[in-house]
file start37.pdb (PDB, C-alpha atoms)
ATOM      1  CA  MET A  74       0.000   0.000   0.000  1.00  0.00           C
ATOM      2  CA  ILE A  75       1.695   3.141  -1.209  1.00  0.00           C
ATOM      3  CA  GLU A  76       1.354   6.879  -1.590  1.00  0.00           C
ATOM      4  CA  LYS A  77       2.832   8.056  -4.881  1.00  0.00           C
ATOM      5  CA  CYS A  78       4.759  11.315  -5.002  1.00  0.00           C
ATOM      6  CA  PRO A  79       6.334  12.871  -8.092  1.00  0.00           C
ATOM      7  CA  LEU A  80      10.166  12.957  -8.039  1.00  0.00           C
ATOM      8  CA  GLU A  81      10.362  16.762  -8.000  1.00  0.00           C
ATOM      9  CA  LYS A  82       8.311  16.785  -4.777  1.00  0.00           C
ATOM     10  CA  ALA A  83      10.765  14.433  -3.015  1.00  0.00           C
ATOM     11  CA  ALA A  84      11.214  16.871  -0.119  1.00  0.00           C
ATOM     12  CA  GLU A  85       7.460  16.704   0.589  1.00  0.00           C
ATOM     13  CA  GLY A  86       7.460  12.928   0.211  1.00  0.00           C
ATOM     14  CA  TYR A  87      10.383  12.604   2.608  1.00  0.00           C
ATOM     15  CA  ALA A  88       8.648  14.872   5.126  1.00  0.00           C
ATOM     16  CA  ARG A  89       5.505  12.757   4.801  1.00  0.00           C
ATOM     17  CA  MET A  90       7.579   9.631   5.544  1.00  0.00           C
ATOM     18  CA  MET A  91       9.231  11.314   8.548  1.00  0.00           C
ATOM     19  CA  SER A  92       5.818  12.388   9.903  1.00  0.00           C
ATOM     20  CA  GLY A  93       4.790   8.764  10.373  1.00  0.00           C
ATOM     21  CA  GLU A  94       1.425   9.525   8.806  1.00  0.00           C
ATOM     22  CA  ALA A  95       2.003   7.877   5.404  1.00  0.00           C
ATOM     23  CA  HIS A  96      -0.214   4.903   4.505  1.00  0.00           C
ATOM     24  CA  TYR A  97       2.128   3.227   4.233  1.00  0.00           C
ATOM     25  CA  ARG A  98       5.100   3.693   1.931  1.00  0.00           C
ATOM     26  CA  VAL A  99       5.826   6.909   0.077  1.00  0.00           C
ATOM     27  CA  VAL A 100       7.118   6.100  -3.417  1.00  0.00           C
ATOM     28  CA  LEU A 101       8.669   8.618  -5.784  1.00  0.00           C
ATOM     29  CA  THR A 102       7.532   8.218  -9.375  1.00  0.00           C
ATOM     30  CA  MET A 103       9.247   9.500 -12.507  1.00  0.00           C
ATOM     31  CA  ALA A 104       7.251  11.188 -15.258  1.00  0.00           C
TER
ATOM     32  CA  MET B 112      25.063  15.789 -23.171  1.00  0.00           C
ATOM     33  CA  PRO B 113      21.435  14.853 -22.464  1.00  0.00           C
ATOM     34  CA  LYS B 114      20.148  15.975 -19.089  1.00  0.00           C
ATOM     35  CA  MET B 115      17.958  14.453 -16.423  1.00  0.00           C
ATOM     36  CA  LYS B 116      16.205  15.494 -13.258  1.00  0.00           C
ATOM     37  CA  ALA B 117      17.775  14.482  -9.944  1.00  0.00           C
ATOM     38  CA  VAL B 118      17.063  15.200  -6.284  1.00  0.00           C
ATOM     39  CA  GLN B 119      20.268  15.615  -4.309  1.00  0.00           C
ATOM     40  CA  VAL B 120      21.351  16.357  -0.769  1.00  0.00           C
ATOM     41  CA  PRO B 121      23.987  19.121  -1.108  1.00  0.00           C
ATOM     42  CA  ALA B 122      25.688  18.470   2.234  1.00  0.00           C
ATOM     43  CA  ALA B 123      25.015  16.560   5.442  1.00  0.00           C
ATOM     44  CA  GLY B 124      21.928  18.091   7.041  1.00  0.00           C
ATOM     45  CA  GLY B 125      21.116  20.170   3.957  1.00  0.00           C
ATOM     46  CA  ASP B 126      17.747  20.540   2.241  1.00  0.00           C
ATOM     47  CA  PHE B 127      16.858  18.523  -0.836  1.00  0.00           C
ATOM     48  CA  GLN B 128      17.604  20.203  -4.160  1.00  0.00           C
ATOM     49  CA  VAL B 129      15.900  19.422  -7.470  1.00  0.00           C
ATOM     50  CA  VAL B 130      18.694  19.751 -10.023  1.00  0.00           C
ATOM     51  CA  GLU B 131      19.440  19.041 -13.652  1.00  0.00           C
ATOM     52  CA  ARG B 132      22.363  16.699 -14.195  1.00  0.00           C
ATOM     53  CA  GLU B 133      24.042  15.043 -17.128  1.00  0.00           C
ATOM     54  CA  ILE B 134      22.776  11.515 -17.637  1.00  0.00           C
ATOM     55  CA  PRO B 135      25.629   9.284 -16.367  1.00  0.00           C
ATOM     56  CA  ASP B 136      27.252   6.540 -18.428  1.00  0.00           C
ATOM     57  CA  ALA B 137      27.532   2.986 -17.099  1.00  0.00           C
ATOM     58  CA  GLY B 138      31.183   2.138 -16.464  1.00  0.00           C
ATOM     59  CA  PRO B 139      32.702  -1.358 -16.639  1.00  0.00           C
ATOM     60  CA  GLY B 140      30.740  -3.924 -14.654  1.00  0.00           C
ATOM     61  CA  LYS B 141      27.834  -1.553 -14.220  1.00  0.00           C
ATOM     62  CA  VAL B 142      24.498  -0.799 -15.844  1.00  0.00           C
ATOM     63  CA  ARG B 143      22.530   2.383 -16.242  1.00  0.00           C
ATOM     64  CA  ILE B 144      18.945   2.116 -15.036  1.00  0.00           C
ATOM     65  CA  ARG B 145      16.046   4.249 -16.178  1.00  0.00           C
ATOM     66  CA  VAL B 146      14.391   4.658 -12.797  1.00  0.00           C
ATOM     67  CA  GLN B 147      10.620   4.227 -12.804  1.00  0.00           C
ATOM     68  CA  ALA B 148      10.003   4.456  -9.075  1.00  0.00           C
ATOM     69  CA  CYS B 149      11.921   4.736  -5.807  1.00  0.00           C
ATOM     70  CA  GLY B 150      10.591   4.177  -2.323  1.00  0.00           C
ATOM     71  CA  VAL B 151      11.284   6.673   0.460  1.00  0.00           C
ATOM     72  CA  CYS B 152      12.802   4.749   3.374  1.00  0.00           C
ATOM     73  CA  HIS B 153      13.557   6.081   6.843  1.00  0.00           C
ATOM     74  CA  SER B 154      17.161   4.941   6.259  1.00  0.00           C
ATOM     75  CA  ASP B 155      17.422   7.738   3.688  1.00  0.00           C
ATOM     76  CA  VAL B 156      18.051   9.826   6.801  1.00  0.00           C
ATOM     77  CA  VAL B 157      21.584   8.366   6.685  1.00  0.00           C
ATOM     78  CA  THR B 158      22.272  10.307   3.498  1.00  0.00           C
ATOM     79  CA  LYS B 159      20.125  13.325   4.372  1.00  0.00           C
ATOM     80  CA  GLU B 160      21.813  13.903   7.731  1.00  0.00           C
ATOM     81  CA  GLY B 161      25.238  12.354   7.064  1.00  0.00           C
ATOM     82  CA  LEU B 162      24.968   9.575   9.636  1.00  0.00           C
ATOM     83  CA  PHE B 163      27.582   7.344   8.007  1.00  0.00           C
ATOM     84  CA  PRO B 164      31.218   8.495   7.934  1.00  0.00           C
ATOM     85  CA  GLY B 165      32.772   9.442   4.622  1.00  0.00           C
ATOM     86  CA  ILE B 166      29.661  10.157   2.526  1.00  0.00           C
ATOM     87  CA  SER B 167      30.593  12.229  -0.513  1.00  0.00           C
ATOM     88  CA  TYR B 168      28.229  15.160  -1.277  1.00  0.00           C
ATOM     89  CA  PRO B 169      26.212  16.144  -3.163  1.00  0.00           C
ATOM     90  CA  ARG B 170      24.577  12.736  -2.967  1.00  0.00           C
ATOM     91  CA  VAL B 171      21.323  11.386  -4.437  1.00  0.00           C
ATOM     92  CA  PRO B 172      19.533   9.144  -1.892  1.00  0.00           C
ATOM     93  CA  GLY B 173      17.263   6.206  -2.617  1.00  0.00           C
ATOM     94  CA  HIS B 174      17.676   2.457  -2.233  1.00  0.00           C
ATOM     95  CA  GLU B 175      14.242   1.115  -3.182  1.00  0.00           C
ATOM     96  CA  VAL B 176      14.663   1.319  -6.911  1.00  0.00           C
ATOM     97  CA  ALA B 177      12.528  -0.179  -9.670  1.00  0.00           C
ATOM     98  CA  GLY B 178      13.446   0.468 -13.286  1.00  0.00           C
ATOM     99  CA  THR B 179      14.707  -0.920 -16.535  1.00  0.00           C
ATOM    100  CA  ILE B 180      18.249  -1.373 -17.802  1.00  0.00           C
ATOM    101  CA  ASP B 181      18.984   1.437 -20.198  1.00  0.00           C
ATOM    102  CA  GLN B 182      22.686   0.910 -20.949  1.00  0.00           C
ATOM    103  CA  LEU B 183      25.192  -1.914 -20.350  1.00  0.00           C
ATOM    104  CA  GLY B 184      28.725  -1.087 -19.225  1.00  0.00           C
ATOM    105  CA  GLY B 185      31.761  -2.972 -20.473  1.00  0.00           C
ATOM    106  CA  GLY B 186      32.016  -6.646 -19.553  1.00  0.00           C
ATOM    107  CA  VAL B 187      28.436  -6.963 -18.322  1.00  0.00           C
ATOM    108  CA  LYS B 188      27.021 -10.408 -19.049  1.00  0.00           C
ATOM    109  CA  GLY B 189      23.645 -11.949 -18.305  1.00  0.00           C
ATOM    110  CA  TRP B 190      21.691  -8.696 -18.481  1.00  0.00           C
ATOM    111  CA  ASN B 191      20.064  -6.999 -21.423  1.00  0.00           C
ATOM    112  CA  LYS B 192      18.838  -3.552 -22.230  1.00  0.00           C
ATOM    113  CA  GLY B 193      15.169  -3.342 -21.281  1.00  0.00           C
ATOM    114  CA  ASP B 194      15.389  -5.878 -18.429  1.00  0.00           C
ATOM    115  CA  ARG B 195      13.308  -4.882 -15.424  1.00  0.00           C
ATOM    116  CA  VAL B 196      15.528  -4.639 -12.340  1.00  0.00           C
ATOM    117  CA  GLY B 197      15.473  -3.528  -8.747  1.00  0.00           C
ATOM    118  CA  VAL B 198      18.198  -2.208  -6.449  1.00  0.00           C
ATOM    119  CA  GLY B 199      18.011  -2.246  -2.668  1.00  0.00           C
ATOM    120  CA  TRP B 200      20.192  -1.235   0.278  1.00  0.00           C
ATOM    121  CA  HIS B 201      22.927  -3.729  -0.595  1.00  0.00           C
ATOM    122  CA  GLY B 202      24.596  -1.898  -3.442  1.00  0.00           C
ATOM    123  CA  GLY B 203      27.510  -4.132  -4.308  1.00  0.00           C
ATOM    124  CA  GLN B 204      30.331  -6.293  -2.953  1.00  0.00           C
ATOM    125  CA  ASP B 205      33.979  -6.900  -3.818  1.00  0.00           C
ATOM    126  CA  GLY B 206      33.624 -10.670  -4.232  1.00  0.00           C
ATOM    127  CA  THR B 207      37.091 -11.281  -2.746  1.00  0.00           C
ATOM    128  CA  CYS B 208      36.942 -10.562   1.006  1.00  0.00           C
ATOM    129  CA  PRO B 209      36.495 -13.419   3.526  1.00  0.00           C
ATOM    130  CA  ALA B 210      32.749 -12.740   3.880  1.00  0.00           C
ATOM    131  CA  CYS B 211      32.239 -12.757   0.105  1.00  0.00           C
ATOM    132  CA  ARG B 212      34.215 -15.996  -0.205  1.00  0.00           C
ATOM    133  CA  ARG B 213      31.653 -17.531   2.144  1.00  0.00           C
ATOM    134  CA  GLY B 214      28.858 -16.162  -0.032  1.00  0.00           C
ATOM    135  CA  ASP B 215      27.893 -13.677   2.679  1.00  0.00           C
ATOM    136  CA  PHE B 216      27.814 -10.660   0.381  1.00  0.00           C
ATOM    137  CA  VAL B 217      25.776  -8.458   2.718  1.00  0.00           C
ATOM    138  CA  ASN B 218      28.694  -8.489   5.168  1.00  0.00           C
ATOM    139  CA  CYS B 219      31.306  -7.666   2.513  1.00  0.00           C
ATOM    140  CA  ALA B 220      34.294  -5.851   4.054  1.00  0.00           C
ATOM    141  CA  SER B 221      34.002  -3.162   1.367  1.00  0.00           C
ATOM    142  CA  GLY B 222      30.292  -3.388   0.615  1.00  0.00           C
ATOM    143  CA  LEU B 223      28.500  -0.511  -1.053  1.00  0.00           C
ATOM    144  CA  VAL B 224      25.132   0.976  -0.142  1.00  0.00           C
ATOM    145  CA  CYS B 225      22.938   2.348  -2.911  1.00  0.00           C
ATOM    146  CA  GLY B 226      22.113   6.018  -2.326  1.00  0.00           C
ATOM    147  CA  VAL B 227      24.885   6.296   0.290  1.00  0.00           C
ATOM    148  CA  SER B 228      28.115   5.059  -1.351  1.00  0.00           C
ATOM    149  CA  TYR B 229      26.900   6.181  -4.782  1.00  0.00           C
ATOM    150  CA  ASP B 230      23.930   8.068  -6.188  1.00  0.00           C
ATOM    151  CA  GLY B 231      20.659   6.187  -5.760  1.00  0.00           C
ATOM    152  CA  GLY B 232      17.107   6.260  -7.004  1.00  0.00           C
ATOM    153  CA  TYR B 233      15.922   9.834  -6.398  1.00  0.00           C
ATOM    154  CA  GLN B 234      16.728  10.583 -10.041  1.00  0.00           C
ATOM    155  CA  GLU B 235      15.620   9.651 -13.537  1.00  0.00           C
ATOM    156  CA  PHE B 236      18.710   7.572 -14.364  1.00  0.00           C
ATOM    157  CA  MET B 237      21.202   5.873 -12.074  1.00  0.00           C
ATOM    158  CA  VAL B 238      24.235   3.635 -12.440  1.00  0.00           C
ATOM    159  CA  ALA B 239      24.583   0.461 -10.370  1.00  0.00           C
ATOM    160  CA  PRO B 240      27.095  -2.409 -10.270  1.00  0.00           C
ATOM    161  CA  VAL B 241      25.657  -5.663 -11.574  1.00  0.00           C
ATOM    162  CA  GLU B 242      26.162  -7.233  -8.130  1.00  0.00           C
ATOM    163  CA  ALA B 243      23.438  -4.947  -6.819  1.00  0.00           C
ATOM    164  CA  LEU B 244      20.780  -5.939  -9.358  1.00  0.00           C
ATOM    165  CA  ALA B 245      17.741  -8.055  -8.645  1.00  0.00           C
ATOM    166  CA  ARG B 246      15.703  -9.307 -11.553  1.00  0.00           C
ATOM    167  CA  MET B 247      12.140  -8.055 -11.277  1.00  0.00           C
ATOM    168  CA  PRO B 248       9.152  -9.400 -13.201  1.00  0.00           C
ATOM    169  CA  ASP B 249       7.538  -7.047 -15.695  1.00  0.00           C
ATOM    170  CA  SER B 250       4.157  -7.951 -14.201  1.00  0.00           C
ATOM    171  CA  LEU B 251       4.904  -5.929 -11.056  1.00  0.00           C
ATOM    172  CA  GLU B 252       3.823  -2.298 -11.216  1.00  0.00           C
ATOM    173  CA  PRO B 253       7.038  -0.289 -10.595  1.00  0.00           C
ATOM    174  CA  ALA B 254       5.758   1.894  -7.761  1.00  0.00           C
ATOM    175  CA  GLU B 255       4.275  -1.129  -5.974  1.00  0.00           C
ATOM    176  CA  ALA B 256       7.466  -3.160  -6.531  1.00  0.00           C
ATOM    177  CA  ALA B 257      10.048  -0.562  -5.462  1.00  0.00           C
ATOM    178  CA  PRO B 258       9.459  -0.839  -1.677  1.00  0.00           C
ATOM    179  CA  LEU B 259       9.940  -4.608  -1.863  1.00  0.00           C
ATOM    180  CA  MET B 260      13.666  -3.969  -2.431  1.00  0.00           C
ATOM    181  CA  CYS B 261      14.183  -2.833   1.176  1.00  0.00           C
ATOM    182  CA  ALA B 262      11.008  -2.764   3.276  1.00  0.00           C
ATOM    183  CA  GLY B 263       9.805  -5.960   1.614  1.00  0.00           C
ATOM    184  CA  VAL B 264      12.966  -8.050   1.849  1.00  0.00           C
ATOM    185  CA  THR B 265      13.584  -6.892   5.422  1.00  0.00           C
ATOM    186  CA  THR B 266      10.220  -8.104   6.674  1.00  0.00           C
ATOM    187  CA  PHE B 267      10.069 -11.161   4.404  1.00  0.00           C
ATOM    188  CA  ASN B 268      13.447 -12.448   5.579  1.00  0.00           C
ATOM    189  CA  ALA B 269      12.728 -11.631   9.226  1.00  0.00           C
ATOM    190  CA  LEU B 270       9.655 -13.854   9.071  1.00  0.00           C
ATOM    191  CA  ARG B 271      11.277 -16.491   6.867  1.00  0.00           C
ATOM    192  CA  HIS B 272      14.165 -16.963   9.310  1.00  0.00           C
ATOM    193  CA  SER B 273      12.128 -16.532  12.493  1.00  0.00           C
ATOM    194  CA  GLY B 274      11.507 -20.216  13.049  1.00  0.00           C
ATOM    195  CA  ALA B 275       7.779 -19.597  13.392  1.00  0.00           C
ATOM    196  CA  LEU B 276       5.563 -22.286  11.902  1.00  0.00           C
ATOM    197  CA  PRO B 277       2.125 -21.991  10.262  1.00  0.00           C
ATOM    198  CA  GLY B 278      -0.495 -21.420  12.914  1.00  0.00           C
ATOM    199  CA  ASP B 279       1.954 -19.705  15.285  1.00  0.00           C
ATOM    200  CA  LEU B 280       1.086 -16.263  16.612  1.00  0.00           C
ATOM    201  CA  VAL B 281       3.256 -13.521  15.147  1.00  0.00           C
ATOM    202  CA  ALA B 282       3.172  -9.920  16.367  1.00  0.00           C
ATOM    203  CA  VAL B 283       4.194  -7.151  13.961  1.00  0.00           C
ATOM    204  CA  GLN B 284       5.135  -4.079  15.962  1.00  0.00           C
ATOM    205  CA  GLY B 285       4.635  -0.858  14.031  1.00  0.00           C
ATOM    206  CA  VAL B 286       2.215  -0.625  11.107  1.00  0.00           C
ATOM    207  CA  GLY B 287       4.263   1.511   8.761  1.00  0.00           C
ATOM    208  CA  GLY B 288       6.248   1.161   5.557  1.00  0.00           C
ATOM    209  CA  LEU B 289       7.713  -2.137   6.759  1.00  0.00           C
ATOM    210  CA  GLY B 290       5.024  -3.359   9.137  1.00  0.00           C
ATOM    211  CA  HIS B 291       2.168  -3.230   6.660  1.00  0.00           C
ATOM    212  CA  LEU B 292       4.171  -5.564   4.399  1.00  0.00           C
ATOM    213  CA  GLY B 293       5.122  -7.780   7.333  1.00  0.00           C
ATOM    214  CA  ILE B 294       1.451  -8.196   8.228  1.00  0.00           C
ATOM    215  CA  GLN B 295       0.636  -9.306   4.686  1.00  0.00           C
ATOM    216  CA  PHE B 296       3.599 -11.698   4.434  1.00  0.00           C
ATOM    217  CA  ALA B 297       2.798 -13.173   7.845  1.00  0.00           C
ATOM    218  CA  LYS B 298      -0.807 -13.793   6.818  1.00  0.00           C
ATOM    219  CA  LYS B 299       0.320 -15.506   3.614  1.00  0.00           C
ATOM    220  CA  PHE B 300       2.811 -17.604   5.593  1.00  0.00           C
ATOM    221  CA  GLY B 301      -0.120 -19.015   7.533  1.00  0.00           C
ATOM    222  CA  TYR B 302       0.590 -17.392  10.877  1.00  0.00           C
ATOM    223  CA  ARG B 303      -1.947 -15.900  13.201  1.00  0.00           C
ATOM    224  CA  VAL B 304      -1.070 -12.223  13.047  1.00  0.00           C
ATOM    225  CA  ALA B 305      -1.325  -9.476  15.650  1.00  0.00           C
ATOM    226  CA  ALA B 306      -0.511  -5.923  14.569  1.00  0.00           C
ATOM    227  CA  VAL B 307       0.717  -3.542  17.263  1.00  0.00           C
ATOM    228  CA  GLY B 308       0.411   0.170  16.503  1.00  0.00           C
ATOM    229  CA  ARG B 309      -0.301   3.570  17.921  1.00  0.00           C
ATOM    230  CA  ALA B 310      -3.774   4.297  19.226  1.00  0.00           C
ATOM    231  CA  ARG B 311      -5.459   7.296  17.655  1.00  0.00           C
TER
END
call {"tool": "encode", "arguments": {"input": "start37.pdb", "output": "structure tokens"}}
result
Amino acid sequence: MIEKCPLEKAAEGYARMMSGEAHYRVVLTMA
Amino acid sequence: MPKMKAVQVPAAGGDFQVVEREIPDAGPGKVRIRVQACGVCHSDVVTKEGLFPGISYPRVPGHEVAGTIDQLGGGVKGWNKGDRVGVGWHGGQDGTCPACRRGDFVNCASGLVCGVSYDGGYQEFMVAPVEALARMPDSLEPAEAAPLMCAGVTTFNALRHSGALPGDLVAVQGVGGLGHLGIQFAKKFGYRVAAVGRAR
């Protein structure tokens, strides 16, 4: 179960991971 | 030179930067991967905050990589352009140290970590040594498959080597990026599964 995040928003994706609120893995995706 | 988008950490403790870089060439014994997806693991904090000694910056994190081989370096055998591959935390071994001679590559005396020792998956193209590659079926959707390279193998192997037998009660502590996979593996293994998480 993942939350997709575009590569250029990696900082937001990383922050989401660090928050512990992601359900459940943040995954960066390339266009 | 053709360019690509990359997300780098400029220095230990620095903020992420979205940058344009030249697409790297695969050197001998390596392949270039067109990255399709990369999981965000808490261990990326190692690169972000400089928790390992000797990390060279700027550095591109990411060790839950799913992609396809885009270019073969010199001497690479057994892999073809277009092959679907994954790269995880274990990013390569020397093949000659005592641990490697026992087949214990993870404990290589000069082992490499993807996204720590060299640039990882937070970019459109990356270069990895063939030792780091896992073959990945095309049937797996890249974004779903990427986390299996670290979160998946960590929980899968923990259960596989736990000694628990079908019907045993297994507790998975922490329902996060790893735990939610552990719960699913444990169920498929035939255990009774208890998930332990925060109350909200």
call {"tool": "closest_atom_pairs", "arguments": {"input": "start37.pdb", "of": "chain B", "to": "chain A", "cutoff": "6 Å", "atoms": "only C-alpha atoms", "output": "Markdown table"}}
result
| residue | atom | partner | partner_atom | distance |
| --- | --- | --- | --- | --- |
| B:Phe127 | CA | A:Ala84 | CA | 5.9 |
| B:Gln147 | CA | A:Met103 | CA | 5.5 |
| B:Ala148 | CA | A:Thr102 | CA | 4.5 |
| B:Cys149 | CA | A:Leu101 | CA | 5.1 |
| B:Gly150 | CA | A:Val100 | CA | 4.1 |
| B:Val151 | CA | A:Val99 | CA | 5.5 |
| B:Gly287 | CA | A:Tyr97 | CA | 5.3 |
| B:Gly288 | CA | A:Arg98 | CA | 4.6 |
call {"tool": "closest_residue", "arguments": {"input": "start37.pdb", "among": "B:Ile166, B:Ala210, B:Ile180, B:Ala297", "to": "Ala245 (chain B)", "atoms": "all atoms listed in the file"}}
result
B:Ile180
call {"tool": "closest_residue", "arguments": {"input": "start37.pdb", "among": "B:Val264, B:Cys225, B:Ala123, B:Val307", "to": "Val238 (chain B)", "atoms": "all atoms listed in the file"}}
result
B:Cys225
call {"tool": "atom_distance", "arguments": {"input": "start37.pdb", "atom1": "CA of Tyr233 (chain B)", "atom2": "CA of His291 (chain B)"}}
result
23.0 Å
call {"tool": "atom_distance", "arguments": {"input": "start37.pdb", "atom1": "CA of Lys192 (chain B)", "atom2": "CA of Leu251 (chain B)"}}
result
18.0 Å
call {"tool": "closest_residue", "arguments": {"input": "start37.pdb", "among": "B:Gly301, B:Gly178, B:Gly161, B:Pro135", "to": "Lys116 (chain B)", "atoms": "all atoms listed in the file"}}
result
B:Pro135
call {"tool": "residues_around", "arguments": {"input": "start37.pdb", "residues": "Thr266 (chain B)", "least_positions_apart": "2", "cutoff": "8 Å", "atoms": "only C-alpha atoms", "output": "JSON, numbers by chain"}}
result
{"B": [262, 263, 264, 268, 269, 270, 289, 290, 292, 293, 296]}
call {"tool": "resolve_selection", "arguments": {"input": "start37.pdb", "expression": "the PyMOL selection byres ((chain B and resi 169) around 7)", "output": "PDB file with C-alpha atoms, keeping the file's coordinate frame"}}
result
ATOM      1  CA  GLN B 119      20.268  15.615  -4.309  1.00  0.00           C
ATOM      2  CA  VAL B 120      21.351  16.357  -0.769  1.00  0.00           C
ATOM      3  CA  PRO B 121      23.987  19.121  -1.108  1.00  0.00           C
ATOM      4  CA  ALA B 122      25.688  18.470   2.234  1.00  0.00           C
ATOM      5  CA  SER B 167      30.593  12.229  -0.513  1.00  0.00           C
ATOM      6  CA  TYR B 168      28.229  15.160  -1.277  1.00  0.00           C
ATOM      7  CA  ARG B 170      24.577  12.736  -2.967  1.00  0.00           C
ATOM      8  CA  VAL B 171      21.323  11.386  -4.437  1.00  0.00           C
TER       9      VAL B 171
END
call {"tool": "residues_around", "arguments": {"input": "start37.pdb", "residues": "Gly231 (chain B)", "least_positions_apart": "2", "cutoff": "9 Å", "atoms": "all atoms listed in the file", "output": "PyMOL selection string"}}
result
chain B and resi 149+170-176+198+224-229+233-234+236-239
call {"tool": "write_last_selection", "arguments": {"input": "start37.pdb", "atoms": "C-alpha atoms", "output": "PDB file, keeping the file's coordinate frame"}}
result
ATOM      1  CA  CYS B 149      11.921   4.736  -5.807  1.00  0.00           C
ATOM      2  CA  ARG B 170      24.577  12.736  -2.967  1.00  0.00           C
ATOM      3  CA  VAL B 171      21.323  11.386  -4.437  1.00  0.00           C
ATOM      4  CA  PRO B 172      19.533   9.144  -1.892  1.00  0.00           C
ATOM      5  CA  GLY B 173      17.263   6.206  -2.617  1.00  0.00           C
ATOM      6  CA  HIS B 174      17.676   2.457  -2.233  1.00  0.00           C
ATOM      7  CA  GLU B 175      14.242   1.115  -3.182  1.00  0.00           C
ATOM      8  CA  VAL B 176      14.663   1.319  -6.911  1.00  0.00           C
ATOM      9  CA  VAL B 198      18.198  -2.208  -6.449  1.00  0.00           C
ATOM     10  CA  VAL B 224      25.132   0.976  -0.142  1.00  0.00           C
ATOM     11  CA  CYS B 225      22.938   2.348  -2.911  1.00  0.00           C
ATOM     12  CA  GLY B 226      22.113   6.018  -2.326  1.00  0.00           C
ATOM     13  CA  VAL B 227      24.885   6.296   0.290  1.00  0.00           C
ATOM     14  CA  SER B 228      28.115   5.059  -1.351  1.00  0.00           C
ATOM     15  CA  TYR B 229      26.900   6.181  -4.782  1.00  0.00           C
ATOM     16  CA  TYR B 233      15.922   9.834  -6.398  1.00  0.00           C
ATOM     17  CA  GLN B 234      16.728  10.583 -10.041  1.00  0.00           C
ATOM     18  CA  PHE B 236      18.710   7.572 -14.364  1.00  0.00           C
ATOM     19  CA  MET B 237      21.202   5.873 -12.074  1.00  0.00           C
ATOM     20  CA  VAL B 238      24.235   3.635 -12.440  1.00  0.00           C
ATOM     21  CA  ALA B 239      24.583   0.461 -10.370  1.00  0.00           C
TER      22      ALA B 239
END
call {"tool": "closest_residue", "arguments": {"input": "start37.pdb", "among": "B:Gly278, B:Gly214, B:Gly285, B:Pro258", "to": "Gly199 (chain B)", "atoms": "only C-alpha atoms"}}
result
B:Pro258
call {"tool": "residues_around", "arguments": {"input": "start37.pdb", "residues": "Gly206 (chain B)", "least_positions_apart": "3", "cutoff": "8 Å", "atoms": "only C-alpha atoms", "output": "list in words"}}
result
Cys211, Arg212, Phe216 and Cys219 of chain B
call {"tool": "axis_aligned_box", "arguments": {"input": "start37.pdb", "around": "region 246-249 of chain B", "padding_each_side": "6 Å", "output": "JSON"}}
result
{"center_x": 11.6, "center_y": -8.2, "center_z": -13.5, "size_x": 20.2, "size_y": 14.4, "size_z": 16.4}
call {"tool": "atom_distance", "arguments": {"input": "start37.pdb", "atom1": "CA of Ser273 (chain B)", "atom2": "CA of Ala306 (chain B)"}}
result
16.6 Å
call {"tool": "resolve_selection", "arguments": {"input": "start37.pdb", "expression": "the PyMOL selection byres ((chain B and resi 124) around 6)", "output": "PyMOL selection string"}}
result
chain B and resi 123+125+159-160
call {"tool": "closest_residue", "arguments": {"input": "start37.pdb", "among": "B:Ala310, B:Val304, B:Leu223, B:Cys261", "to": "Asp155 (chain B)", "atoms": "all atoms listed in the file"}}
result
B:Cys261
call {"tool": "residues_around", "arguments": {"input": "start37.pdb", "residues": "Val196 (chain B)", "least_positions_apart": "6", "cutoff": "10 Å", "atoms": "only C-alpha atoms", "output": "ChimeraX atom specification"}}
result
/B:144-146,176-180,190,243-249,253,257
call {"tool": "resolve_selection", "arguments": {"input": "start37.pdb", "expression": "the PyMOL selection byres ((chain B and resi 182) around 7)", "output": "PDB file with C-alpha atoms, in the frame of the given file"}}
result
ATOM      1  CA  ALA B 137      27.532   2.986 -17.099  1.00  0.00           C
ATOM      2  CA  VAL B 142      24.498  -0.799 -15.844  1.00  0.00           C
ATOM      3  CA  ARG B 143      22.530   2.383 -16.242  1.00  0.00           C
ATOM      4  CA  ILE B 180      18.249  -1.373 -17.802  1.00  0.00           C
ATOM      5  CA  ASP B 181      18.984   1.437 -20.198  1.00  0.00           C
ATOM      6  CA  LEU B 183      25.192  -1.914 -20.350  1.00  0.00           C
ATOM      7  CA  GLY B 184      28.725  -1.087 -19.225  1.00  0.00           C
ATOM      8  CA  LYS B 192      18.838  -3.552 -22.230  1.00  0.00           C
TER       9      LYS B 192
END
call {"tool": "residues_around", "arguments": {"input": "start37.pdb", "residues": "Ala220 (chain B)", "least_positions_apart": "5", "cutoff": "8 Å", "atoms": "all atoms listed in the file", "output": "PDB file with C-alpha atoms, in the coordinates of the input"}}
result
ATOM      1  CA  ASP B 205      33.979  -6.900  -3.818  1.00  0.00           C
ATOM      2  CA  CYS B 208      36.942 -10.562   1.006  1.00  0.00           C
ATOM      3  CA  PRO B 209      36.495 -13.419   3.526  1.00  0.00           C
ATOM      4  CA  ALA B 210      32.749 -12.740   3.880  1.00  0.00           C
TER       5      ALA B 210
END
